[in-house]
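Student: This is start_24.cif (mmCIF, C-alpha atoms and all ligand atoms; chains and numbers go by the auth columns).
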```cif
data_query
#
loop_
_atom_site.group_PDB
_atom_site.id
_atom_site.type_symbol
_atom_site.label_atom_id
_atom_site.label_comp_id
_atom_site.label_asym_id
_atom_site.label_seq_id
_atom_site.Cartn_x
_atom_site.Cartn_y
_atom_site.Cartn_z
_atom_site.B_iso_or_equiv
_atom_site.auth_seq_id
_atom_site.auth_asym_id
ATOM 1 C CA MET A 1 45.992 105.540 51.009 0.00 1 A
ATOM 2 C CA ALA A 2 47.791 107.912 48.584 0.00 2 A
ATOM 3 C CA THR A 3 50.795 109.668 50.188 0.00 3 A
ATOM 4 C CA SER A 4 49.175 113.076 49.707 0.00 4 A
ATOM 5 C CA SER A 5 46.142 111.875 51.722 0.00 5 A
ATOM 6 C CA ILE A 6 48.173 111.661 54.949 0.00 6 A
ATOM 7 C CA PRO A 7 49.169 115.357 55.276 0.00 7 A
ATOM 8 C CA PHE A 8 45.673 116.180 54.060 0.00 8 A
ATOM 9 C CA LEU A 9 43.899 114.235 56.801 0.00 9 A
ATOM 10 C CA LYS A 10 46.258 115.714 59.427 0.00 10 A
ATOM 11 C CA ARG A 11 45.535 119.277 58.296 0.00 11 A
ATOM 12 C CA PHE A 12 41.778 118.539 58.139 0.00 12 A
ATOM 13 C CA LEU A 13 41.827 117.402 61.762 0.00 13 A
ATOM 14 C CA ALA A 14 43.724 120.593 62.743 0.00 14 A
ATOM 15 C CA ALA A 15 41.499 123.038 60.780 0.00 15 A
ATOM 16 C CA PRO A 16 38.355 121.271 59.496 0.00 16 A
ATOM 17 C CA GLN A 17 36.467 124.340 58.215 0.00 17 A
ATOM 18 C CA GLN A 18 39.478 125.807 56.413 0.00 18 A
ATOM 19 C CA VAL A 19 40.510 122.524 54.775 0.00 19 A
ATOM 20 C CA GLY A 20 36.965 121.292 54.141 0.00 20 A
ATOM 21 C CA SER A 21 37.801 117.754 52.994 0.00 21 A
ATOM 22 C CA ILE A 22 39.580 114.663 54.310 0.00 22 A
ATOM 23 C CA VAL A 23 41.172 113.633 51.007 0.00 23 A
ATOM 24 C CA PRO A 24 42.612 115.527 48.021 0.00 24 A
ATOM 25 C CA SER A 25 40.641 115.816 44.776 0.00 25 A
ATOM 26 C CA SER A 26 40.859 113.006 42.233 0.00 26 A
ATOM 27 C CA ARG A 27 42.753 113.416 38.961 0.00 27 A
ATOM 28 C CA GLY A 28 39.394 113.379 37.120 0.00 28 A
ATOM 29 C CA LEU A 29 38.122 116.340 39.131 0.00 29 A
ATOM 30 C CA ALA A 30 41.445 118.194 38.762 0.00 30 A
ATOM 31 C CA ARG A 31 41.302 117.701 34.966 0.00 31 A
ATOM 32 C CA ALA A 32 37.711 118.941 34.791 0.00 32 A
ATOM 33 C CA LEU A 33 38.685 122.071 36.753 0.00 33 A
ATOM 34 C CA ILE A 34 41.534 122.970 34.418 0.00 34 A
ATOM 35 C CA GLY A 35 39.412 122.265 31.287 0.00 35 A
ATOM 36 C CA PRO A 36 38.864 125.916 30.221 0.00 36 A
ATOM 37 C CA TYR A 37 42.565 126.732 30.677 0.00 37 A
ATOM 38 C CA ALA A 38 43.584 123.553 28.843 0.00 38 A
ATOM 39 C CA ARG A 39 41.572 124.739 25.816 0.00 39 A
ATOM 40 C CA HIS A 40 43.006 128.307 25.747 0.00 40 A
ATOM 41 C CA ASP A 41 44.980 129.912 22.938 0.00 41 A
ATOM 42 C CA GLY A 42 47.733 132.469 23.477 0.00 42 A
ATOM 43 C CA PRO A 43 49.398 133.668 26.686 0.00 43 A
ATOM 44 C CA ALA A 44 47.396 133.320 29.887 0.00 44 A
ATOM 45 C CA ARG A 45 47.716 134.243 33.552 0.00 45 A
ATOM 46 C CA VAL A 46 46.385 131.617 35.936 0.00 46 A
ATOM 47 C CA LEU A 47 45.658 131.715 39.667 0.00 47 A
ATOM 48 C CA GLU A 48 45.068 128.538 41.632 0.00 48 A
ATOM 49 C CA VAL A 49 43.638 129.144 45.111 0.00 49 A
ATOM 50 C CA GLY A 50 43.410 126.604 47.932 0.00 50 A
ATOM 51 C CA ALA A 51 45.917 124.231 46.353 0.00 51 A
ATOM 52 C CA GLY A 52 46.259 121.826 49.321 0.00 52 A
ATOM 53 C CA THR A 53 48.749 119.089 48.450 0.00 53 A
ATOM 54 C CA GLY A 54 48.514 119.969 44.754 0.00 54 A
ATOM 55 C CA PRO A 55 46.333 117.599 42.682 0.00 55 A
ATOM 56 C CA VAL A 56 45.211 120.551 40.537 0.00 56 A
ATOM 57 C CA THR A 57 48.714 122.103 40.586 0.00 57 A
ATOM 58 C CA ALA A 58 50.062 118.851 39.115 0.00 58 A
ATOM 59 C CA GLU A 59 47.614 119.026 36.204 0.00 59 A
ATOM 60 C CA LEU A 60 48.347 122.732 35.618 0.00 60 A
ATOM 61 C CA ALA A 61 52.093 122.040 35.650 0.00 61 A
ATOM 62 C CA ARG A 62 51.540 119.375 32.993 0.00 62 A
ATOM 63 C CA ILE A 63 50.033 121.805 30.467 0.00 63 A
ATOM 64 C CA ILE A 64 51.521 125.221 31.279 0.00 64 A
ATOM 65 C CA CYS A 65 52.913 126.873 28.110 0.00 65 A
ATOM 66 C CA PRO A 66 56.176 128.863 28.057 0.00 66 A
ATOM 67 C CA GLN A 67 54.309 132.154 27.583 0.00 67 A
ATOM 68 C CA ASP A 68 51.904 131.531 30.522 0.00 68 A
ATOM 69 C CA GLU A 69 52.212 132.658 34.154 0.00 69 A
ATOM 70 C CA ILE A 70 50.842 130.853 37.185 0.00 70 A
ATOM 71 C CA ASP A 71 50.337 131.861 40.833 0.00 71 A
ATOM 72 C CA VAL A 72 49.476 129.126 43.326 0.00 72 A
ATOM 73 C CA CYS A 73 47.921 130.393 46.577 0.00 73 A
ATOM 74 C CA GLU A 74 47.647 128.341 49.776 0.00 74 A
ATOM 75 C CA ILE A 75 46.917 129.735 53.249 0.00 75 A
ATOM 76 C CA ASP A 76 48.202 126.746 55.240 0.00 76 A
ATOM 77 C CA ASP A 77 51.951 126.685 55.983 0.00 77 A
ATOM 78 C CA ASP A 78 52.226 122.886 55.998 0.00 78 A
ATOM 79 C CA PHE A 79 50.475 122.529 52.640 0.00 79 A
ATOM 80 C CA ALA A 80 52.595 125.372 51.242 0.00 80 A
ATOM 81 C CA ALA A 81 55.742 123.494 52.322 0.00 81 A
ATOM 82 C CA VAL A 82 54.512 120.382 50.467 0.00 82 A
ATOM 83 C CA LEU A 83 53.764 122.432 47.335 0.00 83 A
ATOM 84 C CA ARG A 84 57.147 124.194 47.462 0.00 84 A
ATOM 85 C CA GLU A 85 59.025 120.906 47.717 0.00 85 A
ATOM 86 C CA ARG A 86 56.943 118.931 45.179 0.00 86 A
ATOM 87 C CA TYR A 87 56.382 121.505 42.467 0.00 87 A
ATOM 88 C CA PHE A 88 58.450 124.670 42.877 0.00 88 A
ATOM 89 C CA GLU A 89 61.920 123.660 44.119 0.00 89 A
ATOM 90 C CA SER A 90 62.761 120.708 41.936 0.00 90 A
ATOM 91 C CA GLY A 91 59.411 119.570 40.528 0.00 91 A
ATOM 92 C CA PRO A 92 57.474 120.341 37.362 0.00 92 A
ATOM 93 C CA LEU A 93 57.136 124.093 38.023 0.00 93 A
ATOM 94 C CA ALA A 94 60.787 124.629 39.020 0.00 94 A
ATOM 95 C CA ASP A 95 61.895 126.028 35.632 0.00 95 A
ATOM 96 C CA ALA A 96 58.894 128.355 35.429 0.00 96 A
ATOM 97 C CA ALA A 97 59.540 129.442 39.059 0.00 97 A
ATOM 98 C CA ARG A 98 63.188 130.240 38.279 0.00 98 A
ATOM 99 C CA ALA A 99 62.040 132.247 35.260 0.00 99 A
ATOM 100 C CA GLY A 100 59.584 134.189 37.477 0.00 100 A
ATOM 101 C CA ARG A 101 56.547 132.696 35.677 0.00 101 A
ATOM 102 C CA ALA A 102 55.366 130.514 38.597 0.00 102 A
ATOM 103 C CA ARG A 103 54.936 131.805 42.140 0.00 103 A
ATOM 104 C CA LEU A 104 53.817 130.163 45.364 0.00 104 A
ATOM 105 C CA LEU A 105 51.767 132.584 47.495 0.00 105 A
ATOM 106 C CA ASN A 106 51.598 131.291 51.085 0.00 106 A
ATOM 107 C CA GLN A 107 48.846 133.672 52.231 0.00 107 A
ATOM 108 C CA PRO A 108 45.047 134.037 52.307 0.00 108 A
ATOM 109 C CA MET A 109 43.763 134.638 48.795 0.00 109 A
ATOM 110 C CA GLN A 110 41.938 137.752 50.043 0.00 110 A
ATOM 111 C CA ALA A 111 45.390 139.389 50.456 0.00 111 A
ATOM 112 C CA ILE A 112 46.219 139.162 46.734 0.00 112 A
ATOM 113 C CA GLU A 113 46.329 142.719 45.458 0.00 113 A
ATOM 114 C CA GLY A 114 45.223 144.273 42.182 0.00 114 A
ATOM 115 C CA GLU A 115 42.352 143.815 39.770 0.00 115 A
ATOM 116 C CA ASP A 116 41.686 142.217 36.377 0.00 116 A
ATOM 117 C CA ARG A 117 44.912 140.233 36.736 0.00 117 A
ATOM 118 C CA TYR A 118 44.016 136.678 35.774 0.00 118 A
ATOM 119 C CA ASP A 119 42.493 134.935 32.743 0.00 119 A
ATOM 120 C CA TYR A 120 41.697 131.819 34.807 0.00 120 A
ATOM 121 C CA ILE A 121 41.057 131.390 38.520 0.00 121 A
ATOM 122 C CA ILE A 122 40.803 127.788 39.644 0.00 122 A
ATOM 123 C CA SER A 123 39.654 127.352 43.212 0.00 123 A
ATOM 124 C CA GLY A 124 39.604 124.509 45.710 0.00 124 A
ATOM 125 C CA LEU A 125 38.252 126.710 48.513 0.00 125 A
ATOM 126 C CA PRO A 126 35.574 124.901 50.556 0.00 126 A
ATOM 127 C CA LEU A 127 33.003 127.726 50.389 0.00 127 A
ATOM 128 C CA ASN A 128 30.198 125.531 51.779 0.00 128 A
ATOM 129 C CA GLY A 129 32.116 125.226 55.066 0.00 129 A
ATOM 130 C CA PHE A 130 32.801 128.960 55.465 0.00 130 A
ATOM 131 C CA GLU A 131 30.836 131.648 57.330 0.00 131 A
ATOM 132 C CA PRO A 132 28.718 133.862 54.982 0.00 132 A
ATOM 133 C CA PRO A 133 30.846 137.063 55.448 0.00 133 A
ATOM 134 C CA LEU A 134 33.977 135.127 54.437 0.00 134 A
ATOM 135 C CA VAL A 135 32.175 133.713 51.376 0.00 135 A
ATOM 136 C CA THR A 136 31.124 137.269 50.404 0.00 136 A
ATOM 137 C CA ASP A 137 34.736 138.495 50.780 0.00 137 A
ATOM 138 C CA ILE A 138 36.177 135.623 48.759 0.00 138 A
ATOM 139 C CA LEU A 139 33.648 135.918 45.930 0.00 139 A
ATOM 140 C CA ALA A 140 34.262 139.684 45.727 0.00 140 A
ATOM 141 C CA CYS A 141 37.989 139.052 45.638 0.00 141 A
ATOM 142 C CA ILE A 142 37.643 136.490 42.832 0.00 142 A
ATOM 143 C CA GLN A 143 35.573 138.942 40.776 0.00 143 A
ATOM 144 C CA ARG A 144 38.115 141.713 41.432 0.00 144 A
ATOM 145 C CA LEU A 145 41.107 139.581 40.373 0.00 145 A
ATOM 146 C CA LEU A 146 39.523 138.008 37.289 0.00 146 A
ATOM 147 C CA LYS A 147 39.766 139.792 33.933 0.00 147 A
ATOM 148 C CA PRO A 148 36.341 140.714 32.463 0.00 148 A
ATOM 149 C CA ASP A 149 36.420 137.784 30.020 0.00 149 A
ATOM 150 C CA GLY A 150 38.175 135.450 32.488 0.00 150 A
ATOM 151 C CA THR A 151 36.861 132.112 33.761 0.00 151 A
ATOM 152 C CA TYR A 152 36.405 131.098 37.391 0.00 152 A
ATOM 153 C CA SER A 153 36.383 127.322 37.930 0.00 153 A
ATOM 154 C CA TYR A 154 35.725 125.653 41.271 0.00 154 A
ATOM 155 C CA PHE A 155 34.200 122.511 42.707 0.00 155 A
ATOM 156 C CA GLU A 156 31.579 121.665 45.248 0.00 156 A
ATOM 157 C CA TYR A 157 30.559 118.272 46.481 0.00 157 A
ATOM 158 C CA ALA A 158 27.360 117.059 44.838 0.00 158 A
ATOM 159 C CA ALA A 159 24.276 117.801 46.974 0.00 159 A
ATOM 160 C CA ALA A 160 26.504 119.200 49.769 0.00 160 A
ATOM 161 C CA ARG A 161 24.414 122.342 50.303 0.00 161 A
ATOM 162 C CA ARG A 162 21.143 120.393 50.272 0.00 162 A
ATOM 163 C CA LEU A 163 22.473 117.779 52.721 0.00 163 A
ATOM 164 C CA LEU A 164 23.976 120.371 55.096 0.00 164 A
ATOM 165 C CA ARG A 165 20.649 122.232 55.191 0.00 165 A
ATOM 166 C CA TRP A 166 19.131 119.119 56.783 0.00 166 A
ATOM 167 C CA SER A 167 21.648 119.300 59.643 0.00 167 A
ATOM 168 C CA ILE A 168 20.127 118.905 63.106 0.00 168 A
ATOM 169 C CA ASN A 169 22.324 121.792 64.211 0.00 169 A
ATOM 170 C CA GLY A 170 20.342 125.043 63.773 0.00 170 A
ATOM 171 C CA LYS A 171 23.485 127.183 63.490 0.00 171 A
ATOM 172 C CA THR A 172 24.803 125.022 60.617 0.00 172 A
ATOM 173 C CA ARG A 173 21.392 125.133 58.912 0.00 173 A
ATOM 174 C CA ARG A 174 21.280 128.945 59.063 0.00 174 A
ATOM 175 C CA ARG A 175 24.892 129.281 57.879 0.00 175 A
ATOM 176 C CA VAL A 176 24.438 126.923 54.937 0.00 176 A
ATOM 177 C CA THR A 177 21.143 128.549 53.917 0.00 177 A
ATOM 178 C CA GLN A 178 22.926 131.918 53.700 0.00 178 A
ATOM 179 C CA VAL A 179 25.971 130.515 51.878 0.00 179 A
ATOM 180 C CA SER A 180 23.662 128.660 49.517 0.00 180 A
ATOM 181 C CA ALA A 181 21.838 131.886 48.641 0.00 181 A
ATOM 182 C CA LEU A 182 25.158 133.602 47.810 0.00 182 A
ATOM 183 C CA VAL A 183 26.618 130.728 45.810 0.00 183 A
ATOM 184 C CA GLY A 184 23.310 129.709 44.193 0.00 184 A
ATOM 185 C CA ASP A 185 22.727 133.246 42.906 0.00 185 A
ATOM 186 C CA LEU A 186 26.164 133.334 41.309 0.00 186 A
ATOM 187 C CA ILE A 187 25.661 129.939 39.668 0.00 187 A
ATOM 188 C CA GLU A 188 22.288 130.947 38.286 0.00 188 A
ATOM 189 C CA ARG A 189 23.633 134.166 36.782 0.00 189 A
ATOM 190 C CA TYR A 190 27.093 133.257 35.586 0.00 190 A
ATOM 191 C CA GLU A 191 27.592 129.501 35.175 0.00 191 A
ATOM 192 C CA ILE A 192 28.681 128.674 31.606 0.00 192 A
ATOM 193 C CA ASP A 193 29.481 124.976 32.019 0.00 193 A
ATOM 194 C CA ARG A 194 29.658 122.221 34.623 0.00 194 A
ATOM 195 C CA GLN A 195 30.619 118.559 34.885 0.00 195 A
ATOM 196 C CA LEU A 196 29.552 115.967 37.443 0.00 196 A
ATOM 197 C CA ILE A 197 32.618 113.958 38.445 0.00 197 A
ATOM 198 C CA LEU A 198 31.592 110.641 39.960 0.00 198 A
ATOM 199 C CA VAL A 199 35.145 109.347 40.406 0.00 199 A
ATOM 200 C CA ASN A 200 35.939 111.539 43.397 0.00 200 A
ATOM 201 C CA VAL A 201 35.415 111.160 47.146 0.00 201 A
ATOM 202 C CA PRO A 202 32.685 112.315 47.393 0.00 202 A
ATOM 203 C CA PRO A 203 31.354 112.948 43.839 0.00 203 A
ATOM 204 C CA ALA A 204 31.611 116.622 42.933 0.00 204 A
ATOM 205 C CA TYR A 205 30.551 119.226 40.405 0.00 205 A
ATOM 206 C CA ALA A 206 33.268 121.153 38.574 0.00 206 A
ATOM 207 C CA ARG A 207 31.629 124.510 37.853 0.00 207 A
ATOM 208 C CA HIS A 208 32.824 127.200 35.434 0.00 208 A
ATOM 209 C CA LEU A 209 31.607 130.802 35.672 0.00 209 A
ATOM 210 C CA ARG A 210 32.196 133.950 33.630 0.00 210 A
ATOM 211 C CA PHE A 211 31.345 137.400 35.043 0.00 211 A
ATOM 212 C CA GLU A 212 31.866 139.288 31.754 0.00 212 A
ATOM 213 C CA GLU A 213 28.374 140.800 31.774 0.00 213 A
ATOM 214 C CA SER A 214 28.535 142.044 35.382 0.00 214 A
ATOM 215 C CA LYS A 215 31.975 143.601 34.809 0.00 215 A
ATOM 216 C CA GLN A 216 30.751 145.406 31.702 0.00 216 A
ATOM 217 C CA HIS A 217 27.870 146.891 33.734 0.00 217 A
ATOM 218 C CA GLU A 218 30.324 148.109 36.388 0.00 218 A
ATOM 219 C CA ALA A 219 32.518 149.871 33.820 0.00 219 A
HETATM 220 C C1 LIG B . 39.108 121.342 50.004 0.00 301 B
HETATM 221 S S1 LIG B . 40.844 121.752 50.128 0.00 301 B
HETATM 222 C C2 LIG B . 41.266 121.584 48.384 0.00 301 B
HETATM 223 C C3 LIG B . 42.706 121.242 48.156 0.00 301 B
HETATM 224 C C4 LIG B . 43.065 120.875 46.710 0.00 301 B
HETATM 225 N N1 LIG B . 42.787 121.956 45.786 0.00 301 B
HETATM 226 C C5 LIG B . 42.315 119.653 46.262 0.00 301 B
HETATM 227 O O1 LIG B . 41.470 119.772 45.368 0.00 301 B
HETATM 228 O O2 LIG B . 42.578 118.575 46.805 0.00 301 B
HETATM 229 C C6 LIG B . 40.810 123.504 50.415 0.00 301 B
HETATM 230 C C7 LIG B . 42.157 124.196 50.520 0.00 301 B
HETATM 231 O O3 LIG B . 41.948 125.613 50.612 0.00 301 B
HETATM 232 C C8 LIG B . 42.885 126.174 51.531 0.00 301 B
HETATM 233 N N2 LIG B . 42.345 127.480 51.961 0.00 301 B
HETATM 234 C C9 LIG B . 41.296 127.697 52.793 0.00 301 B
HETATM 235 N N3 LIG B . 41.056 129.008 52.919 0.00 301 B
HETATM 236 C C10 LIG B . 41.953 129.657 52.119 0.00 301 B
HETATM 237 C C11 LIG B . 42.189 131.040 51.801 0.00 301 B
HETATM 238 N N4 LIG B . 41.444 132.020 52.335 0.00 301 B
HETATM 239 N N5 LIG B . 43.194 131.352 50.935 0.00 301 B
HETATM 240 C C12 LIG B . 43.956 130.362 50.386 0.00 301 B
HETATM 241 N N6 LIG B . 43.793 129.028 50.658 0.00 301 B
HETATM 242 C C13 LIG B . 42.798 128.682 51.514 0.00 301 B
HETATM 243 C C14 LIG B . 42.974 125.111 52.615 0.00 301 B
HETATM 244 O O4 LIG B . 44.129 125.249 53.409 0.00 301 B
HETATM 245 C C15 LIG B . 42.976 123.833 51.758 0.00 301 B
HETATM 246 O O5 LIG B . 44.272 123.502 51.350 0.00 301 B
#
```
Written as structure tokens, that's how I'd like the structure from this file.

Tutor:
Amino acid sequence: MATSSIPFLKRFLAAPQQVGSIVPSSRGLARALIGPYARHDGPARVLEVGAGTGPVTAELARIICPQDEIDVCEIDDDFAAVLRERYFESGPLADAARAGRARLLNQPMQAIEGEDRYDYIISGLPLNGFEPPLVTDILACIQRLLKPDGTYSYFEYAAARRLLRWSINGKTRRRVTQVSALVGDLIERYEIDRQLILVNVPPAYARHLRFEESKQHEA
């Protein structure tokens, strides 16, 4: 078992809905999630939310340019301690952190203030495990924080919503049906690209959305 899987499993057992997975994402999934940022030109501001033990953080740290800024948000104190030690204190983001270009935000992502702040938001949040009001809050927060032409990338396990809707537990079925309506609507309207990553436990879709059109209507 990879070393990062041990703290992950421990945190999953302590807070299963919040953590939403028993193992970290594979490198293949992490690379698919950072794809739009990896292809960008010019300075960019990036927000990673739900970083866990940092498989996506590691890939971001590998390609961050000197003119870019990155915020890494993680609600869980134990995961935040792992991220601080591995990436921010002496690891690959240490120079950027000292220069004020990389920040670790140990807080719920809903508490991040401001609007139109980021060019890329890359999320590991397990939306399919959350209650519908929390999903609504988080999606509103992502749309608030993303610049009008920004890209929101996230993953969901392949067929997760369909499988959970077959649950014998009526409460789970109702919850997932509501979450599925919220997430499905967003995908239908705003998805610009997606990749199916088979080398991940379990296989997952990396999805990329752009809300440009909806933000222009709001203005
Ligand atoms: C499925 S794990 C993904 C971890 C990592 N990105 C990966 O791909 O392996 C979800 C992560 O989101 C974090 N999380 C859950 N709710 C959050 C919130 N409201 N704000 C920030 N992080 C949150 C959990 O603590 C957990 O680390």

Student: Choose the residue, out of A:Ala38, A:Leu83, A:Leu196, A:Leu146, that has the smallest atom-to-atom separation from ligand LIG 301 (chain B); count all atoms listed in the file.

Tutor: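 The closest residue to ligand LIG 301 (chain B) is A:Leu83.
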
Student: List every protein, DNA or RNA residue with an atom no more than 6 Å from (34.3, 132.0, 38.5) in the file's coordinates, counting only C-alpha atoms, and format the result as a PyMOL selection string.

Tutor: chain A and resi 151-153+208-210

Student: Provide the CA of Leu125 in chain A to CA of Arg39 in chain A distance in Å, to one decimal place.

Tutor: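 CA of Arg39 in chain A lies 23.0 Å from CA of Leu125 in chain A.
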
Student: For the file shown, what are the residues hit by the PyMOL selection byres (((chain A and resi 144) around 12) and not hetatm), laid out as a ChimeraX atom specification?

Tutor: /A:109-119,121,137-143,145-148,150,152,211-212,214-215,218

Student: As an exercise, work out the distance from CA of Cys65 in chain A to CA of Ala102 in chain A in Å and give it to one decimal place.

Tutor: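 Atom-to-atom, CA of Cys65 in chain A and CA of Ala102 in chain A are spaced 11.4 Å apart.
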
Student: Considering all atoms listed in the file, tabulate each residue of chain A that lies at most 7 Å from ligand LIG 301 (chain B) along with its nearest interatomic pair and the corresponding distance in Å to one decimal; arrange the rows by chain and ascending residue number and present them as a Markdown table.

Tutor:
```
| residue | atom | partner | partner_atom | distance |
| --- | --- | --- | --- | --- |
| A:Gln18 | CA | B:LIG301 | C9 | 4.5 |
| A:Val19 | CA | B:LIG301 | C15 | 4.1 |
| A:Gly20 | CA | B:LIG301 | C1 | 4.7 |
| A:Ser21 | CA | B:LIG301 | C1 | 4.8 |
| A:Val23 | CA | B:LIG301 | O2 | 6.6 |
| A:Pro24 | CA | B:LIG301 | O2 | 3.3 |
| A:Ser25 | CA | B:LIG301 | O2 | 3.9 |
| A:Ala30 | CA | B:LIG301 | O1 | 6.8 |
| A:Val49 | CA | B:LIG301 | C12 | 5.4 |
| A:Gly50 | CA | B:LIG301 | O3 | 3.2 |
| A:Ala51 | CA | B:LIG301 | N1 | 3.9 |
| A:Gly52 | CA | B:LIG301 | O5 | 3.3 |
| A:Thr53 | CA | B:LIG301 | C4 | 6.2 |
| A:Gly54 | CA | B:LIG301 | C4 | 5.9 |
| A:Pro55 | CA | B:LIG301 | O2 | 5.7 |
| A:Val56 | CA | B:LIG301 | N1 | 5.9 |
| A:Cys73 | CA | B:LIG301 | C12 | 5.5 |
| A:Glu74 | CA | B:LIG301 | N6 | 4.0 |
| A:Ile75 | CA | B:LIG301 | N6 | 4.1 |
| A:Asp76 | CA | B:LIG301 | O4 | 4.7 |
| A:Phe79 | CA | B:LIG301 | O5 | 6.4 |
| A:Gln107 | CA | B:LIG301 | C12 | 6.2 |
| A:Pro108 | CA | B:LIG301 | N5 | 3.5 |
| A:Met109 | CA | B:LIG301 | N5 | 4.0 |
| A:Gln110 | CA | B:LIG301 | N4 | 6.2 |
| A:Ser123 | CA | B:LIG301 | N1 | 6.7 |
| A:Gly124 | CA | B:LIG301 | N1 | 4.1 |
| A:Leu125 | CA | B:LIG301 | O3 | 4.4 |
| A:Pro126 | CA | B:LIG301 | C1 | 5.0 |
```

Student: How big is the axis-aligned box, and where does its centre sit, when it encloses all atoms of range 193-198 of chain A listed in the file and has 5 Å added on every side, reported in Å to one decimal as lines of an AutoDock Vina configuration file?

Tutor:
```
center_x = 31.0
center_y = 117.8
center_z = 36.0
size_x = 13.1
size_y = 24.3
size_z = 17.9
```

Student: For this file, the PyMOL selection byres (((chain A and resi 168-178) around 12) and not hetatm) selects which residues, as a PDB file with C-alpha atoms, keeping the file's coordinate frame?

Tutor:
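Final output, expr-v6.pdb:
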```
ATOM      1  CA  GLN A  17      36.467 124.340  58.215  1.00  0.00           C
ATOM      2  CA  LEU A 127      33.003 127.726  50.389  1.00  0.00           C
ATOM      3  CA  ASN A 128      30.198 125.531  51.779  1.00  0.00           C
ATOM      4  CA  GLY A 129      32.116 125.226  55.066  1.00  0.00           C
ATOM      5  CA  PHE A 130      32.801 128.960  55.465  1.00  0.00           C
ATOM      6  CA  GLU A 131      30.836 131.648  57.330  1.00  0.00           C
ATOM      7  CA  PRO A 132      28.718 133.862  54.982  1.00  0.00           C
ATOM      8  CA  PRO A 133      30.846 137.063  55.448  1.00  0.00           C
ATOM      9  CA  LEU A 134      33.977 135.127  54.437  1.00  0.00           C
ATOM     10  CA  VAL A 135      32.175 133.713  51.376  1.00  0.00           C
ATOM     11  CA  THR A 136      31.124 137.269  50.404  1.00  0.00           C
ATOM     12  CA  ALA A 160      26.504 119.200  49.769  1.00  0.00           C
ATOM     13  CA  ARG A 161      24.414 122.342  50.303  1.00  0.00           C
ATOM     14  CA  ARG A 162      21.143 120.393  50.272  1.00  0.00           C
ATOM     15  CA  LEU A 163      22.473 117.779  52.721  1.00  0.00           C
ATOM     16  CA  LEU A 164      23.976 120.371  55.096  1.00  0.00           C
ATOM     17  CA  ARG A 165      20.649 122.232  55.191  1.00  0.00           C
ATOM     18  CA  TRP A 166      19.131 119.119  56.783  1.00  0.00           C
ATOM     19  CA  SER A 167      21.648 119.300  59.643  1.00  0.00           C
ATOM     20  CA  VAL A 179      25.971 130.515  51.878  1.00  0.00           C
ATOM     21  CA  SER A 180      23.662 128.660  49.517  1.00  0.00           C
ATOM     22  CA  ALA A 181      21.838 131.886  48.641  1.00  0.00           C
ATOM     23  CA  LEU A 182      25.158 133.602  47.810  1.00  0.00           C
ATOM     24  CA  VAL A 183      26.618 130.728  45.810  1.00  0.00           C
ATOM     25  CA  GLY A 184      23.310 129.709  44.193  1.00  0.00           C
ATOM     26  CA  ASP A 185      22.727 133.246  42.906  1.00  0.00           C
TER      27      ASP A 185
END
```

Student: Mind giving me the straight-line distance from CA of Val201 in chain A to CA of Tyr157 in chain A in Å, one decimal?

Tutor: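 Answer for the CA of Val201 in chain A to CA of Tyr157 in chain A separation: 8.6 Å.
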
Student: Compare A:Arg27, A:Ile122, A:Pro7, A:Ala15 by their minimum atom-to-atom distance to Ala81 in chain A, counting only C-alpha atoms, and give me the closest one.

Tutor: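 Ranked by minimum distance to Ala81 in chain A, first place goes to A:Pro7.
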
Student: Excluding Thr57 in chain A and any residue of its chain fewer than 6 positions from it, enumerate the residues within 8 Å of it, using all atoms listed in the file, and give them as a list in words.

Tutor: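 Final neighbour list, sorted by chain and number: Glu48, Ala51, Val72 and Tyr87 of chain A.
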
Student: Could you check the closest approach to Ala94 in chain A for each of A:Ala61, A:Asn106, A:Ala80, A:Glu188 and tell me which residue wins, using all atoms listed in the file?

Tutor: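 Checking each of A:Ala61, A:Asn106, A:Ala80, A:Glu188 against Ala94 in chain A, counting all atoms listed in the file, the winner is A:Ala61.
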
Student: Enumerate, as JSON, numbers by chain, the residues matched when the PyMOL selection byres (((chain A and resi 37) around 9) and not hetatm) is run on the file above.

Tutor: {"A": [33, 34, 35, 36, 38, 39, 40, 41, 44, 46, 60, 63, 119, 120, 151]}

Student: Fewer than 2 positions away in the same chain doesn't count, so skip those; otherwise give me all residues within 7 Å of Gly28 in chain A, counting only C-alpha atoms, as a list in words.

Tutor: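 After dropping sequence-adjacent residues, the list is Ser26, Ala30, Arg31, Ala32, Ile197 and Val199 of chain A.
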
Student: Looking at A:Leu29, A:Arg45, A:Asp149, A:Leu105, which one is nearest to Tyr205 in chain A, with distances taken over all atoms listed in the file?

Tutor: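 Ranked by minimum distance to Tyr205 in chain A, first place goes to A:Leu29.
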
Student: Can you find the residues with an atom no farther than 7 Å from (54.7, 116.2, 41.7), counting only C-alpha atoms, and report them as a PyMOL selection string?

Tutor: chain A and resi 58+86-87+91-92

Student: Just range 144-156 of chain A, please, as an mmCIF file, in the first residue's frame (only C-alpha atoms).

Tutor:
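This went into part06.cif:
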```cif
data_model
loop_
_atom_site.group_PDB
_atom_site.id
_atom_site.type_symbol
_atom_site.label_atom_id
_atom_site.label_comp_id
_atom_site.auth_asym_id
_atom_site.auth_seq_id
_atom_site.Cartn_x
_atom_site.Cartn_y
_atom_site.Cartn_z
ATOM 1 C CA ARG A 144 -18.508 32.626 -7.433
ATOM 2 C CA LEU A 145 -14.738 32.057 -7.135
ATOM 3 C CA LEU A 146 -14.090 31.139 -10.773
ATOM 4 C CA LYS A 147 -13.349 33.887 -13.302
ATOM 5 C CA PRO A 148 -15.927 34.059 -16.143
ATOM 6 C CA ASP A 149 -13.597 32.274 -18.582
ATOM 7 C CA GLY A 150 -12.136 29.980 -15.896
ATOM 8 C CA THR A 151 -12.224 26.174 -15.888
ATOM 9 C CA TYR A 152 -13.586 23.950 -13.129
ATOM 10 C CA SER A 153 -12.150 20.417 -13.167
ATOM 11 C CA TYR A 154 -13.270 17.638 -10.841
ATOM 12 C CA PHE A 155 -13.679 13.885 -10.772
ATOM 13 C CA GLU A 156 -16.424 11.454 -10.000
#
```
